[in-house]
Amino acid sequence: MTAPGFTPPPYPYDRLAPLKAVAESVPGGLVDLSVGTPCDAPPEQVVSALANPDAARGYPPSIGTGAYRDAAAGWLERRLGVSVQPDGLAACMGTKELVAGIPHWLRLRDPARDTVLYPEVSYPTYAMGATLAGCRAVPVPVGDDWCPRLDAISDGDAARAVCLWMNTPGNPAGGLDDLAAAGEWGRRHGVPVLSDECYVEFTWDGPPRSILQHGFDGVLAVHSLSKRSNLAGSRIGFYAGDPDLVGYLSEVRKHAGFMPAGPEQAAGAVAWSDQGHVDEQRQRYQERLTVLAEALRSTGLPVDQPGGAFYLWVAAPGGDAWRLARSLAENAGALVSPGEFYGDAAAGRVRLAAVQPLERISLLADRLGDAKLVP
């Protein structure tokens with residue numbers, strides 16, 4: 001029996017199962033470039049902190065331990081030049097749950113508003129969070145640089161918005177948004193601006209940037225250790241910014257039982273305090289992106305280096321992304337993501353995540369040297 005209410009759509013990456021089987025059949029096996037899952041090991045000192053049994057005793061504070069918040073605040077100041085007061089930062093259980101849940105909590109605060117604004121080409125959880133909250137999911141058109149065009153937001157949608165999402169560097173296209181303009185737009189319209197900055201350490205064009213560099217009023221920055229420190233399985237991040245927003249969200253989340261596990265908070269404090277392992281990871285991704293881009297160009301595909309993040313965003317010949325994805329699976333054993341996963345406006349592209357070891361990407365490059373992709 002099917003209930004008359006909400007039916008979850010197919011999870012995007014589950015739709016790749018047939019292509020995965022094709023890629024796995026290629027001699028030498030699958031090179032999975034579909035999901036942005038880190039393949040490299042976390043730092044040894046972080047793994048050691050995870051194994052400390054003391055952190056597993058008792059309930060961890062929902063807002064984050066003092067050690068975790070101090071480490072995160074210290075990283076913000078050292079890396080981004082932003083000083084955050086203790087009431088302006090709180091922990092979260094990885095940022096995906098925060099992204100999916102925050103429209104619901106903000107709508108509770110102001111039931112008169114019912115709209116989530118997000119880039120029309122972006123991480124699909126922005127739109128799904130709106131759906132799960134019973135909100136209107138309204139995509140904001142992007143320009144040729146894949147950044148949201150704030151001037152395209154109608155006055156009516158702005159008046160109804162519970163939030164505006166930004167993402168810099170952007171997933172999937174690596175765009176670098178004008179975060180100062182976004183914060184000013186939000187203050188002018190009374191709309192909280194939520195800046196997803198999980199790829200900030202992998203900013204290739206210019207210095208790393210945060211919306212908090214332009215003031216805290218009405219904005220939140222969302223940060224994660226998943227990409228920065230190869231801790232996607234530990235589910236630990238933080239949000240920081242407007243003390244009023246942070247205070248409201250941390251109280252709601254406390255009532256709901258959202259508390260990052262104690263060992264993850266202990267490990268997170270160590271990870272935020274160390275920059276050396278991140279610098280090494282940056283070098284890995286830069287090398288992988290370069291090798292992967294050159295291999296794709298050798299087949300005649302037009303490939304631009306991203307402004308940030310570790311994805312290549314490639315136009316499919318004839319605009320047929322699924323055909324290109326199948327060709328890459330059949331001829332090179334590569335599994336990639338069709339652009340429609342990130343919005344209807346992206347249907348003519350594919351995303352390749354440079355998350356496999358260099359030897360696997362080099363294997364893919366060798367295969368592509370002999371491959372005949374779609375014309």
# chains A, B, ... in the order shown; residues from 1 in each chain; ligands from 1

call {"tool": "residues_around", "arguments": {"residues": "Gly206 (chain A)", "least_positions_apart": "5", "cutoff": "10 Å", "atoms": "only C-alpha atoms", "output": "mmCIF file with C-alpha atoms, in the first residue's frame"}}
result
data_model
loop_
_atom_site.group_PDB
_atom_site.id
_atom_site.type_symbol
_atom_site.label_atom_id
_atom_site.label_comp_id
_atom_site.auth_asym_id
_atom_site.auth_seq_id
_atom_site.Cartn_x
_atom_site.Cartn_y
_atom_site.Cartn_z
ATOM 1 C CA LEU A 176 33.712 31.180 -6.837
ATOM 2 C CA GLY A 307 38.316 27.749 -9.751
ATOM 3 C CA GLY A 308 38.076 25.482 -6.726
#

call {"tool": "select_by_dssp", "arguments": {"residues": "region 130-336 of chain A", "states": "alpha helix (DSSP H)", "output": "JSON, numbers by chain"}}
result
{"A": [130, 131, 132, 155, 156, 157, 158, 159, 160, 179, 180, 181, 182, 183, 184, 185, 186, 187, 188, 189, 225, 226, 227, 228, 243, 244, 245, 246, 247, 248, 249, 250, 251, 252, 253, 254, 255, 256, 262, 263, 264, 265, 266, 267, 268, 269, 270, 271, 272, 276, 277, 278, 279, 280, 281, 282, 283, 284, 285, 286, 287, 288, 289, 290, 291, 292, 293, 294, 295, 296, 297, 321, 322, 323, 324, 325, 326, 327, 328, 329, 330, 331, 332]}

call {"tool": "closest_residue", "arguments": {"among": "A:His255, A:His189, A:Arg297, A:Lys227", "to": "Leu368 (chain A)", "atoms": "only C-alpha atoms"}}
result
A:Arg297

call {"tool": "atom_distance", "arguments": {"atom1": "CA of Gly101 (chain A)", "atom2": "CA of Gly129 (chain A)"}}
result
6.0 Å

call {"tool": "atom_distance", "arguments": {"atom1": "CA of Ala271 (chain A)", "atom2": "CA of Ala180 (chain A)"}}
result
28.1 Å

call {"tool": "closest_residue", "arguments": {"among": "A:Pro119, A:Ala261, A:Ala329, A:Leu80", "to": "Gly58 (chain A)", "atoms": "only C-alpha atoms"}}
result
A:Ala261

call {"tool": "closest_residue", "arguments": {"among": "A:Pro61, A:Gly348, A:Gly369, A:Pro338", "to": "Leu16 (chain A)", "atoms": "only C-alpha atoms"}}
result
A:Pro338

call {"tool": "closest_residue", "arguments": {"among": "A:Asp151, A:Asp196, A:Glu97, A:Asp205", "to": "Ala181 (chain A)", "atoms": "only C-alpha atoms"}}
result
A:Asp151

call {"tool": "atom_distance", "arguments": {"atom1": "CA of Val219 (chain A)", "atom2": "CA of Gln265 (chain A)"}}
result
24.1 Å

call {"tool": "closest_residue", "arguments": {"among": "A:Leu364, A:Phe258, A:Val336, A:Ala315", "to": "Asp32 (chain A)", "atoms": "only C-alpha atoms"}}
result
A:Val336

call {"tool": "closest_residue", "arguments": {"among": "A:Pro42, A:Pro86, A:Asp178, A:Asn171", "to": "Leu352 (chain A)", "atoms": "only C-alpha atoms"}}
result
A:Asn171

call {"tool": "select_by_dssp", "arguments": {"residues": "region 45-284 of chain A", "states": "strand (DSSP E or B)", "output": "number ranges by chain"}}
result
A: 89-92, 115-119, 136-140, 142, 148, 161-167, 193-196, 203, 219-224, 237-241

call {"tool": "write_last_selection", "arguments": {"atoms": "N, CA and C atoms", "output": "short mmCIF file (atom, residue, chain, number, x, y, z; two decimals), in the first residue's frame"}}
result
data_model
loop_
_atom_site.label_atom_id
_atom_site.label_comp_id
_atom_site.auth_asym_id
_atom_site.auth_seq_id
_atom_site.Cartn_x
_atom_site.Cartn_y
_atom_site.Cartn_z
N LEU A 89 29.67 29.96 17.18
CA LEU A 89 30.12 28.74 16.50
C LEU A 89 29.56 27.53 17.23
N ALA A 90 29.09 26.53 16.48
CA ALA A 90 28.57 25.30 17.07
C ALA A 90 28.86 24.12 16.15
N ALA A 91 28.95 22.94 16.75
CA ALA A 91 29.27 21.72 16.01
C ALA A 91 28.03 21.16 15.32
N CYS A 92 28.27 20.35 14.29
CA CYS A 92 27.18 19.60 13.64
C CYS A 92 27.71 18.22 13.26
N THR A 115 10.13 29.59 1.43
CA THR A 115 10.90 29.41 0.20
C THR A 115 12.38 29.27 0.51
N VAL A 116 13.02 28.29 -0.11
CA VAL A 116 14.47 28.13 -0.05
C VAL A 116 15.04 28.48 -1.41
N LEU A 117 15.95 29.43 -1.43
CA LEU A 117 16.64 29.83 -2.65
C LEU A 117 18.00 29.14 -2.70
N TYR A 118 18.38 28.63 -3.86
CA TYR A 118 19.63 27.89 -3.99
C TYR A 118 20.09 27.96 -5.44
N PRO A 119 21.38 27.80 -5.72
CA PRO A 119 21.85 27.87 -7.11
C PRO A 119 21.22 26.77 -7.96
N ARG A 136 8.93 25.72 -0.66
CA ARG A 136 9.17 25.85 -2.09
C ARG A 136 10.68 25.85 -2.32
N ALA A 137 11.13 25.01 -3.23
CA ALA A 137 12.54 25.01 -3.62
C ALA A 137 12.65 25.83 -4.90
N VAL A 138 13.25 27.01 -4.81
CA VAL A 138 13.31 27.93 -5.95
C VAL A 138 14.76 28.10 -6.39
N PRO A 139 15.12 27.58 -7.56
CA PRO A 139 16.50 27.71 -8.03
C PRO A 139 16.80 29.13 -8.52
N VAL A 140 18.00 29.58 -8.21
CA VAL A 140 18.47 30.89 -8.66
C VAL A 140 19.32 30.67 -9.91
N VAL A 142 22.13 30.70 -12.72
CA VAL A 142 23.56 30.95 -12.63
C VAL A 142 24.05 31.54 -13.95
N PRO A 148 25.55 32.05 -8.77
CA PRO A 148 24.16 32.53 -8.75
C PRO A 148 24.07 34.01 -9.14
N ALA A 161 11.47 34.07 1.31
CA ALA A 161 12.60 33.17 1.52
C ALA A 161 12.94 32.99 3.00
N VAL A 162 13.13 31.73 3.38
CA VAL A 162 13.67 31.44 4.72
C VAL A 162 15.19 31.49 4.69
N CYS A 163 15.78 31.28 3.51
CA CYS A 163 17.24 31.34 3.40
C CYS A 163 17.65 31.36 1.93
N LEU A 164 18.89 31.77 1.71
CA LEU A 164 19.55 31.69 0.41
C LEU A 164 20.83 30.89 0.61
N TRP A 165 21.00 29.83 -0.17
CA TRP A 165 22.23 29.04 -0.11
C TRP A 165 23.25 29.55 -1.12
N MET A 166 24.49 29.63 -0.67
CA MET A 166 25.64 29.84 -1.54
C MET A 166 26.59 28.67 -1.33
N ASN A 167 27.50 28.44 -2.28
CA ASN A 167 28.45 27.34 -2.17
C ASN A 167 29.73 27.73 -2.90
N VAL A 193 21.63 34.23 4.83
CA VAL A 193 22.44 33.68 3.75
C VAL A 193 23.34 32.61 4.36
N LEU A 194 23.22 31.39 3.82
CA LEU A 194 23.95 30.24 4.34
C LEU A 194 25.02 29.88 3.31
N SER A 195 26.27 29.97 3.71
CA SER A 195 27.39 29.78 2.79
C SER A 195 28.06 28.44 3.09
N ASP A 196 27.88 27.49 2.19
CA ASP A 196 28.48 26.17 2.31
C ASP A 196 29.91 26.27 1.79
N THR A 203 40.66 25.95 -2.84
CA THR A 203 40.43 27.12 -3.69
C THR A 203 41.69 27.33 -4.52
N VAL A 219 24.27 36.03 8.47
CA VAL A 219 24.91 35.00 7.65
C VAL A 219 25.44 33.87 8.52
N LEU A 220 25.55 32.70 7.90
CA LEU A 220 26.23 31.55 8.51
C LEU A 220 27.19 30.97 7.48
N ALA A 221 28.36 30.54 7.96
CA ALA A 221 29.28 29.75 7.16
C ALA A 221 29.23 28.32 7.68
N VAL A 222 29.23 27.37 6.76
CA VAL A 222 29.14 25.95 7.12
C VAL A 222 30.44 25.28 6.67
N HIS A 223 31.11 24.61 7.62
CA HIS A 223 32.41 23.99 7.33
C HIS A 223 32.43 22.54 7.77
N SER A 224 33.25 21.76 7.06
CA SER A 224 33.27 20.31 7.26
C SER A 224 34.70 19.80 7.24
N GLY A 237 31.45 18.59 11.62
CA GLY A 237 31.65 19.89 11.01
C GLY A 237 31.23 20.97 11.99
N PHE A 238 31.02 22.18 11.49
CA PHE A 238 30.52 23.26 12.35
C PHE A 238 29.85 24.32 11.50
N TYR A 239 29.05 25.16 12.17
CA TYR A 239 28.47 26.33 11.54
C TYR A 239 28.81 27.53 12.42
N ALA A 240 29.03 28.68 11.78
CA ALA A 240 29.47 29.86 12.51
C ALA A 240 28.95 31.10 11.83
N GLY A 241 28.79 32.17 12.62
CA GLY A 241 28.34 33.43 12.05
C GLY A 241 27.49 34.22 13.01
#
